[in-house]
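Visitor: File follows, query-v4.cif with mmCIF, N, CA and C atoms:
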```cif
data_my_file
#
loop_
_atom_site.label_atom_id
_atom_site.label_comp_id
_atom_site.auth_asym_id
_atom_site.auth_seq_id
_atom_site.Cartn_x
_atom_site.Cartn_y
_atom_site.Cartn_z
N MET A 1 3.58 -20.18 -3.25
CA MET A 1 4.21 -20.04 -4.55
C MET A 1 5.72 -19.89 -4.35
N SER A 2 6.48 -20.49 -5.24
CA SER A 2 7.94 -20.35 -5.17
C SER A 2 8.34 -18.94 -5.62
N ILE A 3 9.56 -18.59 -5.35
CA ILE A 3 10.06 -17.27 -5.76
C ILE A 3 10.02 -17.14 -7.27
N LEU A 4 10.42 -18.21 -7.98
CA LEU A 4 10.40 -18.18 -9.44
C LEU A 4 8.98 -17.97 -9.96
N SER A 5 8.03 -18.71 -9.40
CA SER A 5 6.63 -18.55 -9.82
C SER A 5 6.13 -17.14 -9.55
N THR A 6 6.47 -16.61 -8.39
CA THR A 6 6.04 -15.26 -8.04
C THR A 6 6.61 -14.24 -9.03
N ILE A 7 7.88 -14.40 -9.38
CA ILE A 7 8.50 -13.48 -10.34
C ILE A 7 7.84 -13.60 -11.71
N LEU A 8 7.64 -14.83 -12.19
CA LEU A 8 7.03 -15.03 -13.50
C LEU A 8 5.59 -14.52 -13.54
N VAL A 9 4.82 -14.81 -12.50
CA VAL A 9 3.43 -14.34 -12.45
C VAL A 9 3.40 -12.82 -12.37
N THR A 10 4.31 -12.22 -11.64
CA THR A 10 4.38 -10.76 -11.58
C THR A 10 4.70 -10.19 -12.95
N LEU A 11 5.61 -10.82 -13.68
CA LEU A 11 5.92 -10.35 -15.04
C LEU A 11 4.71 -10.49 -15.97
N VAL A 12 3.96 -11.58 -15.83
CA VAL A 12 2.74 -11.76 -16.63
C VAL A 12 1.74 -10.66 -16.27
N ALA A 13 1.57 -10.39 -14.98
CA ALA A 13 0.65 -9.34 -14.55
C ALA A 13 1.07 -7.99 -15.11
N MET A 14 2.37 -7.70 -15.10
CA MET A 14 2.87 -6.44 -15.64
C MET A 14 2.62 -6.36 -17.15
N LEU A 15 2.84 -7.47 -17.86
CA LEU A 15 2.58 -7.51 -19.30
C LEU A 15 1.12 -7.21 -19.59
N PHE A 16 0.22 -7.85 -18.86
CA PHE A 16 -1.20 -7.65 -19.12
C PHE A 16 -1.71 -6.32 -18.59
N PHE A 17 -1.04 -5.76 -17.59
CA PHE A 17 -1.36 -4.40 -17.16
C PHE A 17 -0.99 -3.42 -18.27
N TYR A 18 0.16 -3.65 -18.92
CA TYR A 18 0.58 -2.80 -20.04
C TYR A 18 -0.40 -2.93 -21.21
N ILE A 19 -0.81 -4.17 -21.51
CA ILE A 19 -1.80 -4.37 -22.58
C ILE A 19 -3.11 -3.66 -22.21
N MET A 20 -3.51 -3.76 -20.93
CA MET A 20 -4.72 -3.07 -20.49
C MET A 20 -4.58 -1.56 -20.69
N TYR A 21 -3.41 -1.03 -20.33
CA TYR A 21 -3.17 0.40 -20.51
C TYR A 21 -3.31 0.78 -21.99
N LEU A 22 -2.67 0.02 -22.87
CA LEU A 22 -2.73 0.32 -24.30
C LEU A 22 -4.17 0.27 -24.82
N GLU A 23 -4.90 -0.77 -24.43
CA GLU A 23 -6.25 -0.96 -24.97
C GLU A 23 -7.28 -0.02 -24.34
N THR A 24 -7.10 0.30 -23.07
CA THR A 24 -8.12 1.07 -22.36
C THR A 24 -7.85 2.57 -22.34
N PHE A 25 -6.59 2.97 -22.15
CA PHE A 25 -6.28 4.39 -21.97
C PHE A 25 -5.54 5.01 -23.15
N ALA A 26 -4.74 4.23 -23.85
CA ALA A 26 -3.97 4.76 -24.98
C ALA A 26 -4.43 4.10 -26.27
N THR A 27 -5.73 3.96 -26.41
CA THR A 27 -6.33 3.15 -27.46
C THR A 27 -5.87 3.51 -28.86
N ASP A 28 -5.79 4.79 -29.18
CA ASP A 28 -5.41 5.17 -30.54
C ASP A 28 -4.02 5.77 -30.61
N SER A 29 -3.16 5.40 -29.67
CA SER A 29 -1.80 5.93 -29.64
C SER A 29 -0.90 5.23 -30.67
N GLU A 30 0.24 5.84 -30.89
CA GLU A 30 1.24 5.26 -31.80
C GLU A 30 1.75 3.92 -31.24
N SER A 31 1.92 3.85 -29.91
CA SER A 31 2.38 2.60 -29.29
C SER A 31 1.39 1.47 -29.50
N THR A 32 0.11 1.76 -29.31
CA THR A 32 -0.92 0.73 -29.52
C THR A 32 -0.95 0.29 -30.97
N SER A 33 -0.81 1.25 -31.87
CA SER A 33 -0.77 0.95 -33.29
C SER A 33 0.39 0.00 -33.62
N ARG A 34 1.55 0.29 -33.04
CA ARG A 34 2.74 -0.51 -33.30
C ARG A 34 2.62 -1.91 -32.67
N VAL A 35 2.18 -1.98 -31.41
CA VAL A 35 2.10 -3.26 -30.70
C VAL A 35 1.11 -4.21 -31.36
N PHE A 36 -0.06 -3.67 -31.77
CA PHE A 36 -1.10 -4.52 -32.33
C PHE A 36 -1.11 -4.53 -33.86
N ASN A 37 -0.16 -3.79 -34.45
CA ASN A 37 -0.04 -3.72 -35.91
C ASN A 37 -1.37 -3.32 -36.57
N ILE A 38 -1.98 -2.28 -36.01
CA ILE A 38 -3.23 -1.74 -36.53
C ILE A 38 -3.01 -0.25 -36.76
N PRO A 39 -3.32 0.26 -37.95
CA PRO A 39 -3.12 1.69 -38.22
C PRO A 39 -3.91 2.56 -37.23
N GLN A 40 -3.32 3.70 -36.87
CA GLN A 40 -3.98 4.60 -35.93
C GLN A 40 -5.35 5.05 -36.44
N GLU A 41 -5.49 5.20 -37.74
CA GLU A 41 -6.78 5.61 -38.30
C GLU A 41 -7.87 4.60 -37.93
N GLU A 42 -7.50 3.31 -37.99
CA GLU A 42 -8.45 2.25 -37.63
C GLU A 42 -8.78 2.31 -36.14
N LEU A 43 -7.76 2.54 -35.33
CA LEU A 43 -7.95 2.59 -33.88
C LEU A 43 -8.83 3.77 -33.46
N ARG A 44 -8.88 4.79 -34.28
CA ARG A 44 -9.71 5.97 -33.97
C ARG A 44 -11.18 5.76 -34.31
N LYS A 45 -11.49 4.72 -35.07
CA LYS A 45 -12.89 4.44 -35.39
C LYS A 45 -13.63 4.07 -34.11
N THR A 46 -14.80 4.65 -33.94
CA THR A 46 -15.56 4.48 -32.70
C THR A 46 -15.80 3.02 -32.34
N SER A 47 -16.20 2.21 -33.30
CA SER A 47 -16.53 0.81 -32.99
C SER A 47 -15.29 0.05 -32.51
N LEU A 48 -14.17 0.19 -33.19
CA LEU A 48 -12.95 -0.51 -32.79
C LEU A 48 -12.42 0.06 -31.47
N ASN A 49 -12.49 1.36 -31.31
CA ASN A 49 -12.03 2.01 -30.10
C ASN A 49 -12.80 1.49 -28.89
N THR A 50 -14.12 1.38 -29.02
CA THR A 50 -14.96 0.88 -27.93
C THR A 50 -14.64 -0.57 -27.62
N LEU A 51 -14.47 -1.39 -28.65
CA LEU A 51 -14.13 -2.80 -28.44
C LEU A 51 -12.80 -2.94 -27.70
N PHE A 52 -11.82 -2.15 -28.09
CA PHE A 52 -10.51 -2.20 -27.44
C PHE A 52 -10.62 -1.82 -25.98
N LYS A 53 -11.36 -0.77 -25.68
CA LYS A 53 -11.49 -0.32 -24.29
C LYS A 53 -12.17 -1.40 -23.44
N ASN A 54 -13.21 -2.03 -23.96
CA ASN A 54 -13.88 -3.10 -23.22
C ASN A 54 -12.96 -4.30 -23.02
N GLN A 55 -12.23 -4.67 -24.04
CA GLN A 55 -11.30 -5.79 -23.95
C GLN A 55 -10.18 -5.48 -22.98
N GLY A 56 -9.71 -4.26 -22.97
CA GLY A 56 -8.60 -3.87 -22.12
C GLY A 56 -8.87 -4.04 -20.64
N VAL A 57 -10.11 -3.81 -20.24
CA VAL A 57 -10.47 -3.93 -18.83
C VAL A 57 -10.21 -5.35 -18.33
N TYR A 58 -10.48 -6.34 -19.17
CA TYR A 58 -10.28 -7.73 -18.76
C TYR A 58 -8.81 -8.06 -18.53
N ASN A 59 -7.92 -7.38 -19.22
CA ASN A 59 -6.49 -7.66 -19.06
C ASN A 59 -5.98 -7.23 -17.69
N GLY A 60 -6.72 -6.39 -16.99
CA GLY A 60 -6.34 -6.00 -15.64
C GLY A 60 -6.75 -7.02 -14.59
N LEU A 61 -7.50 -8.03 -14.98
CA LEU A 61 -8.02 -9.02 -14.06
C LEU A 61 -6.92 -9.76 -13.30
N LEU A 62 -5.86 -10.12 -13.97
CA LEU A 62 -4.79 -10.89 -13.33
C LEU A 62 -4.17 -10.14 -12.17
N ASP A 63 -4.11 -8.83 -12.27
CA ASP A 63 -3.49 -8.04 -11.21
C ASP A 63 -4.23 -8.18 -9.89
N GLY A 64 -5.53 -8.43 -9.93
CA GLY A 64 -6.31 -8.59 -8.72
C GLY A 64 -6.08 -9.89 -7.98
N THR A 65 -5.42 -10.85 -8.60
CA THR A 65 -5.22 -12.15 -7.96
C THR A 65 -4.27 -12.07 -6.76
N PHE A 66 -3.44 -11.07 -6.73
CA PHE A 66 -2.50 -10.93 -5.62
C PHE A 66 -3.21 -10.59 -4.31
N LEU A 67 -4.45 -10.17 -4.39
CA LEU A 67 -5.22 -9.83 -3.20
C LEU A 67 -5.99 -11.03 -2.66
N SER A 68 -5.95 -12.14 -3.35
CA SER A 68 -6.73 -13.32 -2.99
C SER A 68 -6.08 -14.11 -1.86
N LYS A 69 -6.92 -14.86 -1.13
CA LYS A 69 -6.41 -15.76 -0.09
C LYS A 69 -5.89 -17.06 -0.69
N ASN A 70 -6.29 -17.39 -1.91
CA ASN A 70 -5.85 -18.60 -2.60
C ASN A 70 -5.24 -18.23 -3.95
N PRO A 71 -4.15 -17.48 -3.94
CA PRO A 71 -3.62 -16.98 -5.21
C PRO A 71 -3.13 -18.05 -6.17
N VAL A 72 -2.61 -19.16 -5.67
CA VAL A 72 -2.05 -20.19 -6.56
C VAL A 72 -3.14 -20.76 -7.46
N GLU A 73 -4.27 -21.15 -6.89
CA GLU A 73 -5.35 -21.72 -7.69
C GLU A 73 -5.91 -20.71 -8.68
N ILE A 74 -6.11 -19.49 -8.22
CA ILE A 74 -6.67 -18.46 -9.10
C ILE A 74 -5.69 -18.11 -10.20
N VAL A 75 -4.42 -17.95 -9.83
CA VAL A 75 -3.40 -17.63 -10.83
C VAL A 75 -3.29 -18.75 -11.86
N ALA A 76 -3.30 -20.00 -11.41
CA ALA A 76 -3.21 -21.13 -12.34
C ALA A 76 -4.38 -21.11 -13.32
N MET A 77 -5.58 -20.88 -12.81
CA MET A 77 -6.76 -20.83 -13.66
C MET A 77 -6.65 -19.69 -14.69
N LEU A 78 -6.22 -18.53 -14.22
CA LEU A 78 -6.09 -17.39 -15.14
C LEU A 78 -4.99 -17.61 -16.17
N LEU A 79 -3.90 -18.24 -15.76
CA LEU A 79 -2.82 -18.52 -16.70
C LEU A 79 -3.28 -19.48 -17.79
N VAL A 80 -4.03 -20.51 -17.41
CA VAL A 80 -4.58 -21.44 -18.41
C VAL A 80 -5.48 -20.66 -19.37
N TYR A 81 -6.31 -19.80 -18.84
CA TYR A 81 -7.21 -18.99 -19.68
C TYR A 81 -6.40 -18.10 -20.62
N ILE A 82 -5.37 -17.43 -20.10
CA ILE A 82 -4.54 -16.55 -20.92
C ILE A 82 -3.87 -17.35 -22.04
N ILE A 83 -3.38 -18.54 -21.72
CA ILE A 83 -2.73 -19.39 -22.72
C ILE A 83 -3.73 -19.79 -23.80
N LEU A 84 -4.94 -20.15 -23.41
CA LEU A 84 -5.98 -20.51 -24.39
C LEU A 84 -6.33 -19.32 -25.28
N VAL A 85 -6.42 -18.14 -24.69
CA VAL A 85 -6.72 -16.93 -25.47
C VAL A 85 -5.57 -16.65 -26.44
N ALA A 86 -4.33 -16.84 -26.00
CA ALA A 86 -3.18 -16.62 -26.88
C ALA A 86 -3.19 -17.61 -28.04
N ILE A 87 -3.54 -18.85 -27.76
CA ILE A 87 -3.63 -19.85 -28.83
C ILE A 87 -4.73 -19.46 -29.81
N TYR A 88 -5.88 -19.07 -29.28
CA TYR A 88 -6.99 -18.64 -30.15
C TYR A 88 -6.57 -17.44 -30.99
N GLY A 89 -5.92 -16.47 -30.37
CA GLY A 89 -5.43 -15.30 -31.11
C GLY A 89 -4.44 -15.69 -32.18
N GLY A 90 -3.58 -16.64 -31.87
CA GLY A 90 -2.61 -17.11 -32.85
C GLY A 90 -3.25 -17.83 -34.02
N LEU A 91 -4.31 -18.56 -33.74
CA LEU A 91 -4.99 -19.29 -34.81
C LEU A 91 -5.87 -18.39 -35.67
N THR A 92 -6.43 -17.34 -35.07
CA THR A 92 -7.38 -16.50 -35.80
C THR A 92 -6.80 -15.19 -36.29
N SER A 93 -5.64 -14.80 -35.78
CA SER A 93 -5.12 -13.48 -36.14
C SER A 93 -3.67 -13.57 -36.61
N ASP A 94 -2.76 -13.68 -35.68
CA ASP A 94 -1.33 -13.66 -35.99
C ASP A 94 -0.64 -14.72 -35.14
N LYS A 95 0.04 -15.64 -35.75
CA LYS A 95 0.69 -16.74 -35.03
C LYS A 95 1.66 -16.25 -33.95
N LYS A 96 2.21 -15.07 -34.12
CA LYS A 96 3.16 -14.52 -33.15
C LYS A 96 2.51 -14.28 -31.79
N ILE A 97 1.20 -14.12 -31.76
CA ILE A 97 0.49 -13.87 -30.51
C ILE A 97 0.70 -15.02 -29.53
N ILE A 98 0.81 -16.24 -30.04
CA ILE A 98 0.98 -17.39 -29.16
C ILE A 98 2.20 -17.21 -28.28
N LEU A 99 3.31 -16.75 -28.85
CA LEU A 99 4.51 -16.54 -28.04
C LEU A 99 4.53 -15.18 -27.36
N LYS A 100 4.06 -14.14 -28.05
CA LYS A 100 4.08 -12.80 -27.47
C LYS A 100 3.22 -12.71 -26.21
N GLN A 101 2.01 -13.23 -26.28
CA GLN A 101 1.11 -13.13 -25.15
C GLN A 101 1.00 -14.44 -24.36
N GLY A 102 1.45 -15.54 -24.94
CA GLY A 102 1.33 -16.82 -24.25
C GLY A 102 2.62 -17.38 -23.72
N GLY A 103 3.76 -16.92 -24.22
CA GLY A 103 5.05 -17.49 -23.81
C GLY A 103 5.34 -17.35 -22.33
N LEU A 104 5.26 -16.15 -21.82
CA LEU A 104 5.51 -15.91 -20.41
C LEU A 104 4.48 -16.61 -19.52
N PRO A 105 3.17 -16.55 -19.85
CA PRO A 105 2.21 -17.31 -19.05
C PRO A 105 2.47 -18.82 -19.05
N ILE A 106 2.94 -19.37 -20.16
CA ILE A 106 3.27 -20.80 -20.20
C ILE A 106 4.39 -21.10 -19.21
N LEU A 107 5.44 -20.28 -19.21
CA LEU A 107 6.54 -20.47 -18.26
C LEU A 107 6.06 -20.32 -16.82
N ALA A 108 5.20 -19.33 -16.57
CA ALA A 108 4.68 -19.12 -15.22
C ALA A 108 3.85 -20.32 -14.78
N LEU A 109 3.01 -20.84 -15.65
CA LEU A 109 2.18 -22.00 -15.30
C LEU A 109 3.07 -23.22 -15.02
N LEU A 110 4.05 -23.44 -15.86
CA LEU A 110 4.97 -24.56 -15.62
C LEU A 110 5.67 -24.43 -14.28
N SER A 111 6.06 -23.20 -13.93
CA SER A 111 6.75 -23.01 -12.64
C SER A 111 5.80 -23.26 -11.47
N LEU A 112 4.51 -23.00 -11.67
CA LEU A 112 3.53 -23.28 -10.61
C LEU A 112 3.31 -24.78 -10.44
N LEU A 113 3.33 -25.50 -11.55
CA LEU A 113 3.03 -26.92 -11.52
C LEU A 113 4.20 -27.77 -11.08
N PHE A 114 5.42 -27.27 -11.25
CA PHE A 114 6.60 -28.10 -10.91
C PHE A 114 7.42 -27.47 -9.86
#
```
I need this file expressed as structure tokens, please.
Guide:
Amino acid sequence: MSILSTILVTLVAMLFFYIMYLETFATDSESTSRVFNIPQEELRKTSLNTLFKNQGVYNGLLDGTFLSKNPVEIVAMLLVYIILVAIYGGLTSDKKIILKQGGLPILALLSLLF
């Protein structure tokens, strides 16, 4: 991986580690409420709280790719997946998600491919 790709992928990993932290450990915090634009009262509901915690664990997946023997292929696959999830989130929830969660992964993927 080039230095630029490594930096961009590291930034993506940090972004998704932060999202994992918000969803898994700070589920009903003021920060989570602000980032996801969901009232804290809603985040405290058991069903939504459980869904967030389960979803949050998956956001930590990218961080494990640095331990792989073939990080470029795995990172590329995960970046494509993250971009597709961001597009889906943008189409079904808030269009801003495409850039907020997909912008940096798009740049990282482009840097890997070129």
Visitor: Can you list, as a PyMOL selection string, the residues that the PyMOL selection byres (((chain A and resi 33-41 and name CA) around 12) and name CA) selects here?
Guide: chain A and resi 18-19+22-23+26-32+42-46+48-49+52+89+93-94+96-97+100-101
Visitor: Expressed in Å to a single decimal, how great is the separation between CA of Met1 in chain A and CA of Leu112 in chain A?
Guide: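 Calculated distance between CA of Met1 in chain A and CA of Leu112 in chain A is 6.9 Å.
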Visitor: Carefully work through the PyMOL selection byres (((chain A and resi 103 and name CA) around 12) and name CA) for this structure and note down the residues it includes, as a list in words.
Guide: Leu8, Val9, Leu11, Val12, Leu15, Leu79, Val80, Ile82, Ile83, Leu84, Val85, Ala86, Ile87, Gly90, Lys96, Ile97, Ile98, Leu99, Lys100, Gln101, Gly102, Leu104, Pro105, Ile106, Leu107, Ala108, Leu109 and Leu110 of chain A
Visitor: I'd like to know which residues of chain A are helix (DSSP H, G or I) (by DSSP, run on the backbone); could you write them as a ChimeraX atom specification?
Guide: /A:3-24,30-36,40-43,46-59,61-67,71-92,96-113
Visitor: Go through A:Thr50, A:Thr92, A:Asn70, A:Gln55 one by one, measure the shortest atom-to-atom distance of each to Met20 in chain A using only N, CA and C atoms, and give the residue with the smallest value.
Guide: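 Nearest to Met20 in chain A: A:Gln55.
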Visitor: Find, counting all atoms listed in the file, the residue in A:Ser5, A:Ser68, A:Thr10, A:Asn54 that gets nearest to Leu113 in chain A.
Guide: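 Among the listed residues, A:Ser5 lies closest to Leu113 in chain A.
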Visitor: Between atom C of Phe25 in chain A and atom N of Ala13 in chain A, what distance in Å does the model show, to one decimal?
Guide: 18.8 Å
Visitor: Between A:Glu73, A:Ser47, A:Tyr88, A:Phe16, which has the minimum distance to Asn59 in chain A (counting all atoms listed in the file)?
Guide: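 Closest to Asn59 in chain A of all the choices is A:Phe16.
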